[in-house]
Amino acid sequence: MTSSETGIKGCPSRLAPPDAPNTSDPAPFVRKVGPQSRLTLSVRGAKCGACLSRIEGAVTALPGVASARLNLSNGRLDAAWTGDLTAQRISAAVNDLGYGTAPLDTGSADQAHKKEEQSLLLAMGVAGFATANIMLLSVSVWGGAGEMGEATRQGLHAVSGLIALPTLLFSGQPFFRSGWNVLKRRRTNMDVPISLALILAFSVSVAETIRGGEHAYFDAACMLLFFLLIGRFLDARVRRQAYSAARGLAALSSRTVTRLACDGTSQSLRAQDIRRGDRILLAPGERAVVDMKIESGESEVDESLVTGESLPRFSAPGMSLMAGAINLSQPLIGRATAASADSLLADIARMLEAGEQKRSTYRRIADKAVSLYVPVVHSVALLTFLGWLLAGRDMREAILIAVSTLIITCPCALALAAPVVQVVAAGRLFRGGVYLKSGDALERIAACDHVIFDKTGTLTLGTPRLISEQLSPADLAVAAQLGRASRHPLSRALTAAAGPGPVATGVKEFPGLGLEGNVDGVTCRLGSAVWTGAGAVAHSGASLFLARGSDTLVEIRFEDDIQPEAAQAIAQLRRLGLGVEIVSGDRPGAVAAVAAKLGIETWMASASPHDKVRRLTELEAGGKRVLMIGDGLNDAGALALAHASAAPGGALDVSQSAADAVYAAGLAPLPLLVHTARRARAAMLQNFAFAAAYNFVAVPVAIIGYATPLVAAIAMSGSSLIVCLNAIRLNLNSEKPA
Amino acid sequence: MSGLVFLIPIALLMGLTGLAAFIWAVRSGQFDDPDGAAHRILISPDTPLGEP
């Protein structure tokens with residue numbers, strides 16, 4: 001499949017909408033490695049195999065490109081080339097296919113996350129190998145009980161020990177290290193009892209082997225390690241995916257800026273290198289990365305991502321422009337009024353950070369279970385030891401029984417209970433069009449009892465549509481002739497309704513006012529009410545007026561359409577017991593209209609990003625757990641701060657990285673998200689309840705001294721299996737939400 | 001019982017071979033892009049068979 005084969009923009013499988021091209025120059029992000037130049041781009045919208053071959057094919061076809069490889073899992077394109085190919089052409093080649101790109105600084109934190117996951121995977125592999133091989137030997141010991149000679153048994157135990165020692169030293173490190181670290185701070189966590197059980201089980205088994213005893217727990221120690229590492233690895237994987245998505249924010253602020261020197265020459269710089277007072281050129285289609293004051297040029301500016309206002313704003317010299325705004329029509333030259341670290345974008349990034357910190361204080365169900373579990377198990381093991389000692393058994397036997405208690409209570413099921421449910425639920429949601437960003441998001445989403453929607457782009461499609469039914473075809477044709485010459489969203493809506501056709505001659509665009517041009521020899525104007533002399537407007541949405549020569553004015557009305565499944569999705573959310581409310585940055589009229597159509601009583605308009613956050617804290621103070629749904633830059637702070645949040649797939653990267661979940665177009669996946677989250681939480685609680693019940697049975701057995709290695713092996717693998725099967729039940733029972 | 005002297009090392013060797021293969025796979029990045037790998041298998045080259 002080649003790129004020239006189809007004119008399709010974006011993902012051919014329609015798994016993601018086409019993205020706007022990136023107009024900034026990625027040149028400052030090129031790394032030189034010997035004679036080769038390398039560049040890493042974050043590609044948005046690539047979701048399927050066809051995307052993979054189209055993008056790699058297009059980049060490889062450029063002259064001098066040695067390799068181009070797209071990682072579909074994290075959306076990164078690594079390209080290496082020699083010669084004088086510019087980075088801009090690589091990014092343009094991807095943009096031309098309808099994918100968005102942003103240059104990435106390949107940071108060290110990124111490598112650290114990858115390393116952690118890899119080392120856990122290796123540790124898991126080694127533990128798995130050891131478990132399988134020791135089990136092979138153990139089964140023969142158990143099977144041969146009574147018939148096997150003592151020397152053979154001792155030999156098999158010795159071989160098991162020789163396999164177990166390097167395994168513990170290698171694969172046990174994550175637990176030993178973390179356990180030791182918290183012990184040094186005089187605290188305790190799950191890793192302390194785990195490390196203790198591992199070390200004790202191994203030492204006791206070594207002593208028993210040397211003594212020629214009947215029971216050695218090498219298999220139990222390795223199996224324990226293996227199961228725990230599976231849970232740990234799944235957890236790390238979910239976290240790395242979340243981190244990799246959060247990198248979108250960094251990619252956004254790493255866009256480059258064109259700075260104009262005093263002599264008028266332009267220079268491409270990274271956003272963080274912009275200082276206050278620099279002169280900046282903002283080309284049409286480009287996004288401002290710092291707050292600036294316009295010095296020359298007049299243009300329409302799309303601030304929908306900053307303010308939520310769906311219609312473009314007119315900008316002229318002397319007016320200020322906020323970071324995040326997109327220039328639509330004419331080039332603008334401005335002066336930076338803040339360094340990028342002080343601009344609105346950075347302000348929002350700080351709000352995100354505040355949210356992240358608040359999130360990190362969230363105590364997961366698993367953590368709560370562990371804090372109950374640790375002291376109980378330790379005291380039980382200690383009491384067992386003392387009890388048998390008092391009952392007159394010798395030291396060796398008392399220690400053996402206490403250790404077997406520690407092993408059998410070790411939290412295999414507990415360690416798997418949450419991660420496995422998370423992975424299964426995430427997989428189910430993914431098939432339903434929801435991409436989950438963090439594992440504990442499920443627990444938080446499940447607890448929510450109130451939803452706040454943003455309007456523009458979330459409840460509505462975010463693009464205006466022509467709604468004037470009484471408009472005559474002749475008038476529409478004339479208006480479309482003018483409209484085809486402009487990139488203004490209303491002009492686009494007009495041409496979309498009229499279809500292809502001729503363009504008026506001599507069209508002039510007056511930013512903020514409208515268009516003037518010659519249609520069939522008559523001078524026509526298409527624009528705002530004031531400019532065309534129409535006076536007041538009654539319509540709540542946007543409208544344009546068409547003036548043909550001296551004829552009467554014709555009003556053309558537009559409306560931002562509500563998402564097709566919005567009403568149904570909101571009804572379902574209500575049935576799930578959630579309160580619904582709209583908080584938007586748009587004008588009150590537009591918000592009221594949407595609220596009325598969807599039957600939502602509570603709404604708030606003209607809300608700034610800070611207002612949204614305030615409303616959120618207000619609700620949370622009232623005891624509500626809020627699920628925030630939004631797509632814009634103005635929602636990012638609220639998304640990060642809410643108890644849980646979701647953003648549509650078409651949302652800005654910042655919002656997507658601030659949200660816990662990203663869902664495909666339409667609102668239909670939202671009830672599924674809430675429903676699945678609740679079922680996942682139920683499954684987790686069931687798993688913990690099962691783990692507790694298991695201990696109620698296993699602990700007495702161990703205390704009275706019947707927990708032989710065979711019993712331990714069956715109990716541990718059996719309980720882990722049951723917990724996993726219970727998690728998979730989420731998939732089997734695929735009933736639709738109410 | 002003397003068979004064990006051969007059989008156990010053979011079993012361990014086989015296990016170690018598998019472990020070595022797994023370690024190689026992790027180190028060489030075979031698990032870096034599971035989604036991409038699943039799709040790459042379906043991509044057919046544009047060149048006719050027999051040509052690189």
# chains A, B, ... in the order shown; residues from 1 in each chain; ligands from 1
call {"tool": "interface_residues", "arguments": {"of": "chain A", "to": "chain B", "cutoff": "7 Å", "atoms": "only C-alpha atoms", "output": "NGL selection string"}}
result
:A and (1 or 48-49 or 53 or 71-73 or 118 or 122 or 125-126 or 129 or 133)
call {"tool": "residues_around", "arguments": {"residues": "Ser584 of chain A", "least_positions_apart": "2", "cutoff": "7 Å", "atoms": "only C-alpha atoms", "output": "PyMOL selection string"}}
result
chain A and resi 308+454-455+582+586+604-607
call {"tool": "residues_around", "arguments": {"residues": "Leu281 of chain A", "least_positions_apart": "3", "cutoff": "12 Å", "atoms": "only C-alpha atoms", "output": "short mmCIF file (atom, residue, chain, number, x, y, z; two decimals) with N, CA and C atoms, in the first residue's frame"}}
result
data_model
loop_
_atom_site.label_atom_id
_atom_site.label_comp_id
_atom_site.auth_asym_id
_atom_site.auth_seq_id
_atom_site.Cartn_x
_atom_site.Cartn_y
_atom_site.Cartn_z
N SER A 24 4.96 24.18 12.62
CA SER A 24 6.24 24.62 13.18
C SER A 24 7.38 23.75 12.66
N THR A 256 7.98 24.70 17.75
CA THR A 256 8.95 25.76 17.52
C THR A 256 8.26 27.06 17.15
N VAL A 257 8.99 28.13 17.33
CA VAL A 257 8.46 29.47 17.11
C VAL A 257 9.37 30.18 16.12
N THR A 258 8.76 30.99 15.24
CA THR A 258 9.57 31.76 14.31
C THR A 258 9.83 33.13 14.92
N ARG A 259 11.09 33.42 15.22
CA ARG A 259 11.43 34.71 15.81
C ARG A 259 12.01 35.60 14.72
N LEU A 260 11.63 36.87 14.73
CA LEU A 260 12.16 37.82 13.76
C LEU A 260 13.26 38.62 14.42
N ALA A 261 14.44 38.64 13.77
CA ALA A 261 15.53 39.45 14.29
C ALA A 261 15.31 40.91 13.88
N GLY A 264 15.02 41.78 10.31
CA GLY A 264 13.91 41.19 9.57
C GLY A 264 14.11 39.73 9.20
N THR A 265 15.30 39.16 9.46
CA THR A 265 15.48 37.76 9.13
C THR A 265 14.76 36.90 10.16
N SER A 266 14.29 35.73 9.74
CA SER A 266 13.56 34.89 10.67
C SER A 266 14.42 33.71 11.11
N GLN A 267 14.10 33.20 12.27
CA GLN A 267 14.89 32.14 12.87
C GLN A 267 13.94 31.22 13.61
N SER A 268 14.17 29.91 13.50
CA SER A 268 13.28 28.97 14.14
C SER A 268 13.85 28.55 15.49
N LEU A 269 13.08 28.67 16.53
CA LEU A 269 13.57 28.42 17.89
C LEU A 269 12.63 27.49 18.63
N ASP A 278 10.65 39.30 22.59
CA ASP A 278 11.01 38.81 21.26
C ASP A 278 9.90 39.09 20.26
N PRO A 284 -0.43 31.79 9.25
CA PRO A 284 -1.77 31.21 9.31
C PRO A 284 -1.69 29.72 9.58
N GLY A 285 -2.54 29.22 10.45
CA GLY A 285 -2.55 27.80 10.78
C GLY A 285 -1.65 27.47 11.95
N GLU A 286 -0.84 28.44 12.40
CA GLU A 286 0.10 28.17 13.48
C GLU A 286 -0.54 28.45 14.83
N ARG A 287 -0.07 27.75 15.85
CA ARG A 287 -0.58 27.95 17.20
C ARG A 287 0.40 28.79 18.00
N ALA A 288 -0.10 29.79 18.71
CA ALA A 288 0.78 30.62 19.53
C ALA A 288 1.22 29.82 20.75
N VAL A 289 2.51 29.82 21.07
CA VAL A 289 2.97 29.07 22.23
C VAL A 289 3.29 29.97 23.41
N VAL A 290 3.36 31.26 23.16
CA VAL A 290 3.54 32.20 24.28
C VAL A 290 2.46 33.27 24.15
N MET A 292 1.20 36.84 23.57
CA MET A 292 1.84 37.92 22.83
C MET A 292 0.89 39.07 22.57
N LYS A 293 1.50 40.25 22.25
CA LYS A 293 0.73 41.43 21.91
C LYS A 293 0.96 41.66 20.43
N ILE A 294 -0.13 41.85 19.69
CA ILE A 294 0.02 41.96 18.24
C ILE A 294 0.51 43.36 17.86
N GLU A 295 1.53 43.38 16.97
CA GLU A 295 2.07 44.66 16.53
C GLU A 295 1.63 45.01 15.12
N SER A 296 1.57 44.00 14.24
CA SER A 296 1.06 44.31 12.91
C SER A 296 0.33 43.10 12.36
N GLY A 297 -0.57 43.37 11.44
CA GLY A 297 -1.36 42.32 10.84
C GLY A 297 -2.73 42.24 11.49
N ASN A 327 -3.89 30.95 14.71
CA ASN A 327 -4.10 32.01 13.74
C ASN A 327 -4.76 31.42 12.51
N GLN A 330 -4.58 35.62 8.33
CA GLN A 330 -3.44 36.40 7.85
C GLN A 330 -2.26 36.25 8.80
N PRO A 331 -1.01 36.44 8.27
CA PRO A 331 0.14 36.39 9.18
C PRO A 331 0.07 37.51 10.21
N LEU A 332 0.48 37.21 11.41
CA LEU A 332 0.49 38.21 12.48
C LEU A 332 1.91 38.35 13.00
N ILE A 333 2.30 39.59 13.33
CA ILE A 333 3.60 39.77 13.98
C ILE A 333 3.32 40.36 15.35
N GLY A 334 3.92 39.77 16.35
CA GLY A 334 3.65 40.25 17.70
C GLY A 334 4.89 40.20 18.55
N ARG A 335 4.76 40.72 19.76
CA ARG A 335 5.87 40.71 20.69
C ARG A 335 5.48 39.83 21.88
N ALA A 336 6.38 38.96 22.29
CA ALA A 336 6.08 38.07 23.41
C ALA A 336 5.93 38.89 24.69
#
call {"tool": "atom_distance", "arguments": {"atom1": "atom CA of Trp531 of chain A", "atom2": "atom CA of Gly514 of chain A"}}
result
7.5 Å
call {"tool": "select_by_dssp", "arguments": {"residues": "chain B", "states": "helix (DSSP H, G or I)", "output": "number ranges by chain"}}
result
B: 3-27, 34-40
call {"tool": "residues_around", "arguments": {"residues": "Glu300 of chain A", "least_positions_apart": "3", "cutoff": "8 Å", "atoms": "only C-alpha atoms", "output": "ChimeraX atom specification"}}
result
/A:312-315,327-330,488,511-512
call {"tool": "residues_around", "arguments": {"residues": "Val424 of chain A", "least_positions_apart": "4", "cutoff": "12 Å", "atoms": "only C-alpha atoms", "output": "PyMOL selection string"}}
result
chain A and resi 234+238+416-420+428-431+436+439+442+676-677+679-681+683-684+724-732
call {"tool": "write_last_selection", "arguments": {"atoms": "C-alpha atoms", "output": "PDB file, in the first residue's frame"}}
result
ATOM      1  CA  LEU A 234       1.301  -5.448  34.502  1.00  0.00           C
ATOM      2  CA  VAL A 238      -0.157   0.417  32.646  1.00  0.00           C
ATOM      3  CA  LEU A 416      -2.700 -10.041  41.229  1.00  0.00           C
ATOM      4  CA  ALA A 417      -6.156  -8.946  42.353  1.00  0.00           C
ATOM      5  CA  ALA A 418      -5.980  -5.367  41.086  1.00  0.00           C
ATOM      6  CA  PRO A 419      -3.546  -5.463  38.114  1.00  0.00           C
ATOM      7  CA  VAL A 420      -5.271  -8.335  36.334  1.00  0.00           C
ATOM      8  CA  ARG A 428     -12.572  -4.432  27.140  1.00  0.00           C
ATOM      9  CA  LEU A 429     -12.793  -0.635  27.162  1.00  0.00           C
ATOM     10  CA  PHE A 430     -10.290  -0.403  24.325  1.00  0.00           C
ATOM     11  CA  ARG A 431     -12.534  -2.544  22.145  1.00  0.00           C
ATOM     12  CA  LEU A 436      -7.555   4.065  29.631  1.00  0.00           C
ATOM     13  CA  GLY A 439      -4.831   1.796  36.237  1.00  0.00           C
ATOM     14  CA  LEU A 442     -11.039   2.679  37.043  1.00  0.00           C
ATOM     15  CA  THR A 676     -17.143  -1.113  33.125  1.00  0.00           C
ATOM     16  CA  ALA A 677     -15.309   0.867  35.794  1.00  0.00           C
ATOM     17  CA  ARG A 679     -17.881  -3.699  37.350  1.00  0.00           C
ATOM     18  CA  ALA A 680     -14.085  -3.647  37.516  1.00  0.00           C
ATOM     19  CA  ARG A 681     -14.208  -2.182  41.001  1.00  0.00           C
ATOM     20  CA  ALA A 683     -14.396  -7.539  40.597  1.00  0.00           C
ATOM     21  CA  MET A 684     -11.434  -6.073  42.491  1.00  0.00           C
ATOM     22  CA  CYS A 724      -7.441 -14.208  37.322  1.00  0.00           C
ATOM     23  CA  LEU A 725     -10.544 -16.117  36.238  1.00  0.00           C
ATOM     24  CA  ASN A 726     -12.738 -13.740  38.197  1.00  0.00           C
ATOM     25  CA  ALA A 727     -11.094 -10.841  36.385  1.00  0.00           C
ATOM     26  CA  ILE A 728     -11.680 -12.447  32.993  1.00  0.00           C
ATOM     27  CA  ARG A 729     -15.368 -12.732  33.900  1.00  0.00           C
ATOM     28  CA  LEU A 730     -15.528  -9.003  33.069  1.00  0.00           C
ATOM     29  CA  ASN A 731     -15.073 -10.016  29.445  1.00  0.00           C
ATOM     30  CA  LEU A 732     -17.424 -12.988  29.351  1.00  0.00           C
TER      31      LEU A 732
END
